[in-house]
>>> print(open('model.txt').read())   # compact mmCIF, N, CA and C atoms
# COMPACT_ATOMS: atom_id res chain seq x y z
N MET A 1 -10.11 29.27 -5.62
CA MET A 1 -10.28 30.63 -6.08
C MET A 1 -10.04 30.73 -7.59
N LEU A 2 -8.98 30.09 -8.09
CA LEU A 2 -8.71 30.14 -9.53
C LEU A 2 -9.79 29.47 -10.35
N LEU A 3 -10.40 28.41 -9.82
CA LEU A 3 -11.47 27.75 -10.56
C LEU A 3 -12.66 28.68 -10.74
N GLY A 4 -12.99 29.43 -9.72
CA GLY A 4 -14.08 30.39 -9.81
C GLY A 4 -13.76 31.48 -10.83
N LEU A 5 -12.53 31.95 -10.84
CA LEU A 5 -12.12 32.96 -11.82
C LEU A 5 -12.17 32.39 -13.24
N ALA A 6 -11.73 31.15 -13.39
CA ALA A 6 -11.79 30.51 -14.71
C ALA A 6 -13.22 30.40 -15.19
N ARG A 7 -14.14 30.04 -14.29
CA ARG A 7 -15.55 29.94 -14.66
C ARG A 7 -16.08 31.29 -15.12
N ARG A 8 -15.78 32.34 -14.35
CA ARG A 8 -16.28 33.67 -14.71
C ARG A 8 -15.66 34.18 -16.02
N ALA A 9 -14.46 33.71 -16.33
CA ALA A 9 -13.79 34.11 -17.57
C ALA A 9 -14.23 33.26 -18.76
N GLY A 10 -15.08 32.26 -18.52
CA GLY A 10 -15.53 31.39 -19.61
C GLY A 10 -14.48 30.38 -20.01
N ALA A 11 -13.56 30.07 -19.10
CA ALA A 11 -12.46 29.15 -19.38
C ALA A 11 -12.61 27.83 -18.63
N LEU A 12 -13.88 27.43 -18.40
CA LEU A 12 -14.13 26.22 -17.62
C LEU A 12 -15.40 25.55 -18.12
N GLU A 13 -15.35 24.23 -18.24
CA GLU A 13 -16.53 23.43 -18.56
C GLU A 13 -16.86 22.61 -17.33
N SER A 14 -18.10 22.66 -16.87
CA SER A 14 -18.51 21.98 -15.64
C SER A 14 -19.39 20.78 -15.94
N GLY A 15 -19.15 19.70 -15.20
CA GLY A 15 -19.97 18.50 -15.33
C GLY A 15 -19.33 17.49 -16.26
N THR A 16 -19.75 16.26 -16.11
CA THR A 16 -19.16 15.16 -16.87
C THR A 16 -19.36 15.32 -18.37
N GLY A 17 -20.58 15.63 -18.79
CA GLY A 17 -20.85 15.78 -20.23
C GLY A 17 -20.07 16.90 -20.87
N SER A 18 -20.03 18.05 -20.23
CA SER A 18 -19.28 19.18 -20.77
C SER A 18 -17.78 18.91 -20.76
N THR A 19 -17.32 18.22 -19.73
CA THR A 19 -15.90 17.85 -19.67
C THR A 19 -15.55 16.89 -20.79
N GLN A 20 -16.42 15.91 -21.05
CA GLN A 20 -16.19 14.97 -22.16
C GLN A 20 -16.10 15.71 -23.49
N ARG A 21 -17.01 16.65 -23.72
CA ARG A 21 -17.00 17.41 -24.97
C ARG A 21 -15.70 18.21 -25.11
N ALA A 22 -15.27 18.84 -24.02
CA ALA A 22 -14.04 19.64 -24.06
C ALA A 22 -12.83 18.76 -24.36
N VAL A 23 -12.79 17.56 -23.80
CA VAL A 23 -11.69 16.63 -24.07
C VAL A 23 -11.74 16.19 -25.53
N ARG A 24 -12.93 15.77 -25.98
CA ARG A 24 -13.09 15.31 -27.36
C ARG A 24 -12.70 16.38 -28.38
N ASP A 25 -13.09 17.63 -28.08
CA ASP A 25 -12.82 18.76 -28.99
C ASP A 25 -11.38 19.26 -28.89
N GLY A 26 -10.63 18.75 -27.93
CA GLY A 26 -9.24 19.20 -27.76
C GLY A 26 -9.13 20.53 -27.04
N ARG A 27 -10.20 20.97 -26.39
CA ARG A 27 -10.18 22.26 -25.68
C ARG A 27 -9.73 22.13 -24.24
N ALA A 28 -9.79 20.94 -23.66
CA ALA A 28 -9.44 20.75 -22.25
C ALA A 28 -7.93 20.86 -22.07
N ARG A 29 -7.52 21.75 -21.20
CA ARG A 29 -6.10 21.93 -20.89
C ARG A 29 -5.74 21.27 -19.56
N LEU A 30 -6.76 21.05 -18.72
CA LEU A 30 -6.60 20.39 -17.42
C LEU A 30 -7.95 19.82 -17.03
N VAL A 31 -7.98 18.58 -16.58
CA VAL A 31 -9.22 17.95 -16.14
C VAL A 31 -9.09 17.64 -14.65
N LEU A 32 -10.10 18.05 -13.90
CA LEU A 32 -10.14 17.78 -12.46
C LEU A 32 -11.34 16.89 -12.18
N LEU A 33 -11.10 15.82 -11.43
CA LEU A 33 -12.14 14.87 -11.07
C LEU A 33 -12.32 14.86 -9.56
N ALA A 34 -13.56 14.71 -9.12
CA ALA A 34 -13.85 14.60 -7.69
C ALA A 34 -13.43 13.22 -7.21
N GLN A 35 -12.84 13.16 -6.04
CA GLN A 35 -12.39 11.88 -5.47
C GLN A 35 -13.55 10.93 -5.23
N ASP A 36 -14.73 11.48 -4.93
CA ASP A 36 -15.87 10.61 -4.64
C ASP A 36 -16.84 10.48 -5.83
N ALA A 37 -16.35 10.80 -7.03
CA ALA A 37 -17.17 10.63 -8.23
C ALA A 37 -17.45 9.13 -8.40
N SER A 38 -18.63 8.82 -8.90
CA SER A 38 -18.97 7.40 -9.11
C SER A 38 -18.04 6.81 -10.17
N ASP A 39 -17.87 5.52 -10.12
CA ASP A 39 -17.03 4.83 -11.10
C ASP A 39 -17.53 5.09 -12.52
N VAL A 40 -18.83 5.13 -12.69
CA VAL A 40 -19.42 5.35 -14.02
C VAL A 40 -19.06 6.73 -14.54
N GLN A 41 -19.24 7.77 -13.73
CA GLN A 41 -18.93 9.14 -14.15
C GLN A 41 -17.43 9.31 -14.40
N ARG A 42 -16.63 8.76 -13.52
CA ARG A 42 -15.18 8.87 -13.65
C ARG A 42 -14.71 8.19 -14.94
N GLU A 43 -15.23 6.99 -15.21
CA GLU A 43 -14.81 6.24 -16.39
C GLU A 43 -15.20 6.95 -17.69
N LYS A 44 -16.32 7.66 -17.70
CA LYS A 44 -16.73 8.40 -18.89
C LYS A 44 -15.64 9.38 -19.32
N VAL A 45 -15.02 10.01 -18.35
CA VAL A 45 -13.97 10.99 -18.65
C VAL A 45 -12.63 10.30 -18.87
N LEU A 46 -12.29 9.35 -18.02
CA LEU A 46 -10.98 8.71 -18.10
C LEU A 46 -10.77 7.94 -19.40
N LYS A 47 -11.84 7.36 -19.95
CA LYS A 47 -11.67 6.62 -21.21
C LYS A 47 -11.26 7.56 -22.34
N LEU A 48 -11.69 8.80 -22.29
CA LEU A 48 -11.29 9.79 -23.30
C LEU A 48 -9.87 10.29 -23.07
N LEU A 49 -9.41 10.24 -21.84
CA LEU A 49 -8.08 10.76 -21.50
C LEU A 49 -6.97 9.73 -21.67
N ARG A 50 -7.32 8.47 -21.82
CA ARG A 50 -6.30 7.39 -21.85
C ARG A 50 -5.17 7.63 -22.84
N TYR A 51 -5.48 8.14 -24.01
CA TYR A 51 -4.46 8.29 -25.04
C TYR A 51 -4.14 9.76 -25.32
N ARG A 52 -4.42 10.59 -24.35
CA ARG A 52 -4.14 12.02 -24.48
C ARG A 52 -3.18 12.43 -23.38
N GLU A 53 -2.47 13.51 -23.63
CA GLU A 53 -1.54 14.00 -22.62
C GLU A 53 -2.14 15.14 -21.80
N THR A 54 -3.43 15.21 -21.75
CA THR A 54 -4.10 16.24 -20.97
C THR A 54 -3.83 16.01 -19.49
N PRO A 55 -3.28 17.00 -18.79
CA PRO A 55 -3.05 16.84 -17.36
C PRO A 55 -4.38 16.62 -16.64
N ARG A 56 -4.34 15.79 -15.62
CA ARG A 56 -5.55 15.50 -14.86
C ARG A 56 -5.18 15.22 -13.42
N ALA A 57 -6.15 15.45 -12.53
CA ALA A 57 -5.90 15.22 -11.10
C ALA A 57 -7.23 15.07 -10.39
N TYR A 58 -7.18 14.49 -9.21
CA TYR A 58 -8.34 14.41 -8.34
C TYR A 58 -8.26 15.58 -7.37
N LEU A 59 -9.42 16.22 -7.15
CA LEU A 59 -9.43 17.40 -6.31
C LEU A 59 -10.66 17.41 -5.42
N GLY A 60 -10.53 16.97 -4.20
CA GLY A 60 -11.60 17.03 -3.23
C GLY A 60 -12.82 16.20 -3.59
N SER A 61 -13.89 16.48 -2.88
CA SER A 61 -15.16 15.77 -3.08
C SER A 61 -15.99 16.45 -4.17
N ARG A 62 -17.08 15.81 -4.55
CA ARG A 62 -18.00 16.41 -5.53
C ARG A 62 -18.52 17.75 -5.02
N ALA A 63 -18.86 17.78 -3.73
CA ALA A 63 -19.38 19.02 -3.14
C ALA A 63 -18.32 20.12 -3.16
N GLU A 64 -17.09 19.77 -2.83
CA GLU A 64 -16.01 20.76 -2.83
C GLU A 64 -15.68 21.25 -4.23
N LEU A 65 -15.66 20.34 -5.19
CA LEU A 65 -15.38 20.73 -6.58
C LEU A 65 -16.48 21.66 -7.10
N GLY A 66 -17.72 21.31 -6.80
CA GLY A 66 -18.84 22.18 -7.21
C GLY A 66 -18.78 23.53 -6.54
N ALA A 67 -18.50 23.55 -5.25
CA ALA A 67 -18.41 24.82 -4.51
C ALA A 67 -17.29 25.69 -5.06
N ALA A 68 -16.20 25.09 -5.48
CA ALA A 68 -15.05 25.84 -6.01
C ALA A 68 -15.41 26.61 -7.28
N VAL A 69 -16.41 26.14 -8.01
CA VAL A 69 -16.83 26.83 -9.23
C VAL A 69 -18.20 27.48 -9.08
N GLY A 70 -18.72 27.50 -7.85
CA GLY A 70 -20.00 28.14 -7.60
C GLY A 70 -21.17 27.36 -8.15
N SER A 71 -21.16 26.05 -7.96
CA SER A 71 -22.16 25.18 -8.55
C SER A 71 -22.60 24.12 -7.55
N ALA A 72 -23.57 23.32 -7.99
CA ALA A 72 -23.97 22.13 -7.24
C ALA A 72 -22.81 21.14 -7.32
N PRO A 73 -22.86 20.04 -6.57
CA PRO A 73 -21.77 19.05 -6.63
C PRO A 73 -21.49 18.59 -8.07
N LEU A 74 -20.19 18.46 -8.38
CA LEU A 74 -19.75 18.07 -9.72
C LEU A 74 -18.76 16.92 -9.63
N SER A 75 -18.82 16.04 -10.61
CA SER A 75 -17.86 14.93 -10.68
C SER A 75 -16.61 15.32 -11.45
N ALA A 76 -16.75 16.25 -12.41
CA ALA A 76 -15.60 16.62 -13.25
C ALA A 76 -15.74 18.04 -13.77
N VAL A 77 -14.59 18.67 -13.98
CA VAL A 77 -14.53 19.96 -14.67
C VAL A 77 -13.32 19.95 -15.60
N ALA A 78 -13.43 20.68 -16.68
CA ALA A 78 -12.31 20.84 -17.61
C ALA A 78 -11.96 22.31 -17.68
N VAL A 79 -10.71 22.62 -17.43
CA VAL A 79 -10.23 23.99 -17.56
C VAL A 79 -9.78 24.14 -19.01
N THR A 80 -10.38 25.10 -19.72
CA THR A 80 -10.09 25.26 -21.14
C THR A 80 -9.14 26.42 -21.42
N GLY A 81 -8.99 27.30 -20.47
CA GLY A 81 -8.07 28.42 -20.63
C GLY A 81 -6.65 28.01 -20.28
N GLU A 82 -5.72 28.22 -21.21
CA GLU A 82 -4.33 27.80 -21.02
C GLU A 82 -3.70 28.42 -19.77
N HIS A 83 -3.90 29.72 -19.58
CA HIS A 83 -3.30 30.40 -18.42
C HIS A 83 -3.82 29.82 -17.11
N PHE A 84 -5.13 29.67 -17.01
CA PHE A 84 -5.72 29.11 -15.79
C PHE A 84 -5.25 27.67 -15.56
N ALA A 85 -5.20 26.89 -16.63
CA ALA A 85 -4.76 25.49 -16.51
C ALA A 85 -3.32 25.41 -16.02
N ARG A 86 -2.46 26.25 -16.57
CA ARG A 86 -1.06 26.25 -16.15
C ARG A 86 -0.92 26.63 -14.68
N GLN A 87 -1.64 27.66 -14.28
CA GLN A 87 -1.58 28.11 -12.88
C GLN A 87 -2.10 27.02 -11.93
N LEU A 88 -3.23 26.44 -12.26
CA LEU A 88 -3.81 25.38 -11.42
C LEU A 88 -2.91 24.16 -11.37
N ALA A 89 -2.38 23.76 -12.51
CA ALA A 89 -1.49 22.60 -12.55
C ALA A 89 -0.25 22.84 -11.68
N ARG A 90 0.25 24.05 -11.74
CA ARG A 90 1.41 24.39 -10.91
C ARG A 90 1.06 24.30 -9.43
N GLN A 91 -0.09 24.85 -9.06
CA GLN A 91 -0.52 24.81 -7.66
C GLN A 91 -0.77 23.39 -7.18
N LEU A 92 -1.28 22.55 -8.07
CA LEU A 92 -1.61 21.17 -7.70
C LEU A 92 -0.46 20.21 -7.97
N ALA A 93 0.65 20.71 -8.49
CA ALA A 93 1.82 19.89 -8.84
C ALA A 93 1.42 18.75 -9.78
N VAL A 94 0.67 19.10 -10.83
CA VAL A 94 0.21 18.13 -11.82
C VAL A 94 1.15 18.20 -13.01
N SER A 95 1.47 17.06 -13.58
CA SER A 95 2.28 17.04 -14.79
C SER A 95 1.49 16.43 -15.94
N LYS A 96 1.94 16.67 -17.17
CA LYS A 96 1.24 16.15 -18.35
C LYS A 96 1.16 14.65 -18.32
N GLY A 97 0.02 14.14 -18.74
CA GLY A 97 -0.15 12.71 -18.89
C GLY A 97 -0.19 11.94 -17.58
N VAL A 98 -0.47 12.62 -16.48
CA VAL A 98 -0.54 11.92 -15.20
C VAL A 98 -1.68 10.92 -15.26
N ASN A 99 -1.42 9.72 -14.83
CA ASN A 99 -2.44 8.69 -14.83
C ASN A 99 -3.31 8.88 -13.60
N ALA A 100 -4.51 9.35 -13.79
CA ALA A 100 -5.42 9.64 -12.68
C ALA A 100 -5.75 8.40 -11.88
N GLU A 101 -5.69 7.23 -12.49
CA GLU A 101 -6.01 6.01 -11.76
C GLU A 101 -5.05 5.80 -10.59
N THR A 102 -3.79 6.16 -10.76
CA THR A 102 -2.82 5.93 -9.70
C THR A 102 -2.93 6.98 -8.61
N GLU A 103 -3.56 8.09 -8.89
CA GLU A 103 -3.69 9.16 -7.90
C GLU A 103 -4.92 9.02 -7.04
N ARG A 104 -5.80 8.13 -7.40
CA ARG A 104 -7.09 8.03 -6.73
C ARG A 104 -6.91 7.59 -5.28
N ARG A 105 -7.44 8.36 -4.38
CA ARG A 105 -7.49 8.10 -2.94
C ARG A 105 -6.18 7.72 -2.44
>>> encode(input="model.txt", output="structure tokens")
Amino acid sequence: MLLGLARRAGALESGTGSTQRAVRDGRARLVLLAQDASDVQREKVLKLLRYRETPRAYLGSRAELGAAVGSAPLSAVAVTGEHFARQLARQLAVSKGVNAETERR
């Protein structure tokens, strides 16, 4: 529900390319990756996150992540709004600098 609200508020970037841009630009406050994202798509985002303290987590399948934001299946989304990111991180029990590789499956 919060992801949908973040999207409507303009506080969300959807898809691998948009998520990469948000991370590169320093706008990403929380990155969510689909558990079934391909290794190629996942690595595109993770390589940018390696030396950043941006909180990140795996959240459901591509279909579920896309449905949560009212979209087709997605491999990654970046929450850019601080309030939404804090709320989602709290709900998902995510902490800063979490290594997404260790959380996978």
>>> residues_around(input="model.txt", residues="segment 68-76 of chain A", least_positions_apart="3", cutoff="6.5 Å", atoms="only N, CA and C atoms", output="list in words")
Met1, Leu3, Gly4, Arg7, Glu13, Ser14, Gly15, Thr16, Thr19, Leu32, Leu33, Ala34, Ala37, Ser38, Ser61, Arg62, Ala63, Glu64 and Leu65 of chain A
>>> atom_distance(input="model.txt", atom1="atom CA of Ala89 of chain A", atom2="atom CA of Gly60 of chain A")
14.8 Å
>>> axis_aligned_box(input="model.txt", around="segment 41-59 of chain A", padding_each_side="3 Å", output="lines of an AutoDock Vina configuration file")
center_x = -10.4
center_y = 11.8
center_z = -15.4
size_x = 23.7
size_y = 17.2
size_z = 25.9
>>> select_by_dssp(input="model.txt", residues="chain A", states="strand (DSSP E)", output="VMD selection string")
chain A and resid 12 to 14 30 to 33 56 to 58 76 to 79
>>> write_last_selection(input="model.txt", atoms="N, CA and C atoms", output="PDB file, keeping the file's coordinate frame")
ATOM      1  N   LEU A  12     -13.880  27.430 -18.400  1.00  0.00           N
ATOM      2  CA  LEU A  12     -14.130  26.220 -17.620  1.00  0.00           C
ATOM      3  C   LEU A  12     -15.400  25.550 -18.120  1.00  0.00           C
ATOM      4  N   GLU A  13     -15.350  24.230 -18.240  1.00  0.00           N
ATOM      5  CA  GLU A  13     -16.530  23.430 -18.560  1.00  0.00           C
ATOM      6  C   GLU A  13     -16.860  22.610 -17.330  1.00  0.00           C
ATOM      7  N   SER A  14     -18.100  22.660 -16.870  1.00  0.00           N
ATOM      8  CA  SER A  14     -18.510  21.980 -15.640  1.00  0.00           C
ATOM      9  C   SER A  14     -19.390  20.780 -15.940  1.00  0.00           C
ATOM     10  N   LEU A  30      -6.760  21.050 -18.720  1.00  0.00           N
ATOM     11  CA  LEU A  30      -6.600  20.390 -17.420  1.00  0.00           C
ATOM     12  C   LEU A  30      -7.950  19.820 -17.030  1.00  0.00           C
ATOM     13  N   VAL A  31      -7.980  18.580 -16.580  1.00  0.00           N
ATOM     14  CA  VAL A  31      -9.220  17.950 -16.140  1.00  0.00           C
ATOM     15  C   VAL A  31      -9.090  17.640 -14.650  1.00  0.00           C
ATOM     16  N   LEU A  32     -10.100  18.050 -13.900  1.00  0.00           N
ATOM     17  CA  LEU A  32     -10.140  17.780 -12.460  1.00  0.00           C
ATOM     18  C   LEU A  32     -11.340  16.890 -12.180  1.00  0.00           C
ATOM     19  N   LEU A  33     -11.100  15.820 -11.430  1.00  0.00           N
ATOM     20  CA  LEU A  33     -12.140  14.870 -11.070  1.00  0.00           C
ATOM     21  C   LEU A  33     -12.320  14.860  -9.560  1.00  0.00           C
ATOM     22  N   ARG A  56      -4.340  15.790 -15.620  1.00  0.00           N
ATOM     23  CA  ARG A  56      -5.550  15.500 -14.860  1.00  0.00           C
ATOM     24  C   ARG A  56      -5.180  15.220 -13.420  1.00  0.00           C
ATOM     25  N   ALA A  57      -6.150  15.450 -12.530  1.00  0.00           N
ATOM     26  CA  ALA A  57      -5.900  15.220 -11.100  1.00  0.00           C
ATOM     27  C   ALA A  57      -7.230  15.070 -10.390  1.00  0.00           C
ATOM     28  N   TYR A  58      -7.180  14.490  -9.210  1.00  0.00           N
ATOM     29  CA  TYR A  58      -8.340  14.410  -8.340  1.00  0.00           C
ATOM     30  C   TYR A  58      -8.260  15.580  -7.370  1.00  0.00           C
ATOM     31  N   ALA A  76     -16.750  16.250 -12.410  1.00  0.00           N
ATOM     32  CA  ALA A  76     -15.600  16.620 -13.250  1.00  0.00           C
ATOM     33  C   ALA A  76     -15.740  18.040 -13.770  1.00  0.00           C
ATOM     34  N   VAL A  77     -14.590  18.670 -13.980  1.00  0.00           N
ATOM     35  CA  VAL A  77     -14.530  19.960 -14.670  1.00  0.00           C
ATOM     36  C   VAL A  77     -13.320  19.950 -15.600  1.00  0.00           C
ATOM     37  N   ALA A  78     -13.430  20.680 -16.680  1.00  0.00           N
ATOM     38  CA  ALA A  78     -12.310  20.840 -17.610  1.00  0.00           C
ATOM     39  C   ALA A  78     -11.960  22.310 -17.680  1.00  0.00           C
ATOM     40  N   VAL A  79     -10.710  22.620 -17.430  1.00  0.00           N
ATOM     41  CA  VAL A  79     -10.230  23.990 -17.560  1.00  0.00           C
ATOM     42  C   VAL A  79      -9.780  24.140 -19.010  1.00  0.00           C
TER      43      VAL A  79
END
>>> closest_residue(input="model.txt", among="A:Gln91, A:Phe84, A:Ala9, A:Arg24", to="Lys47 of chain A", atoms="only C-alpha atoms")
A:Arg24
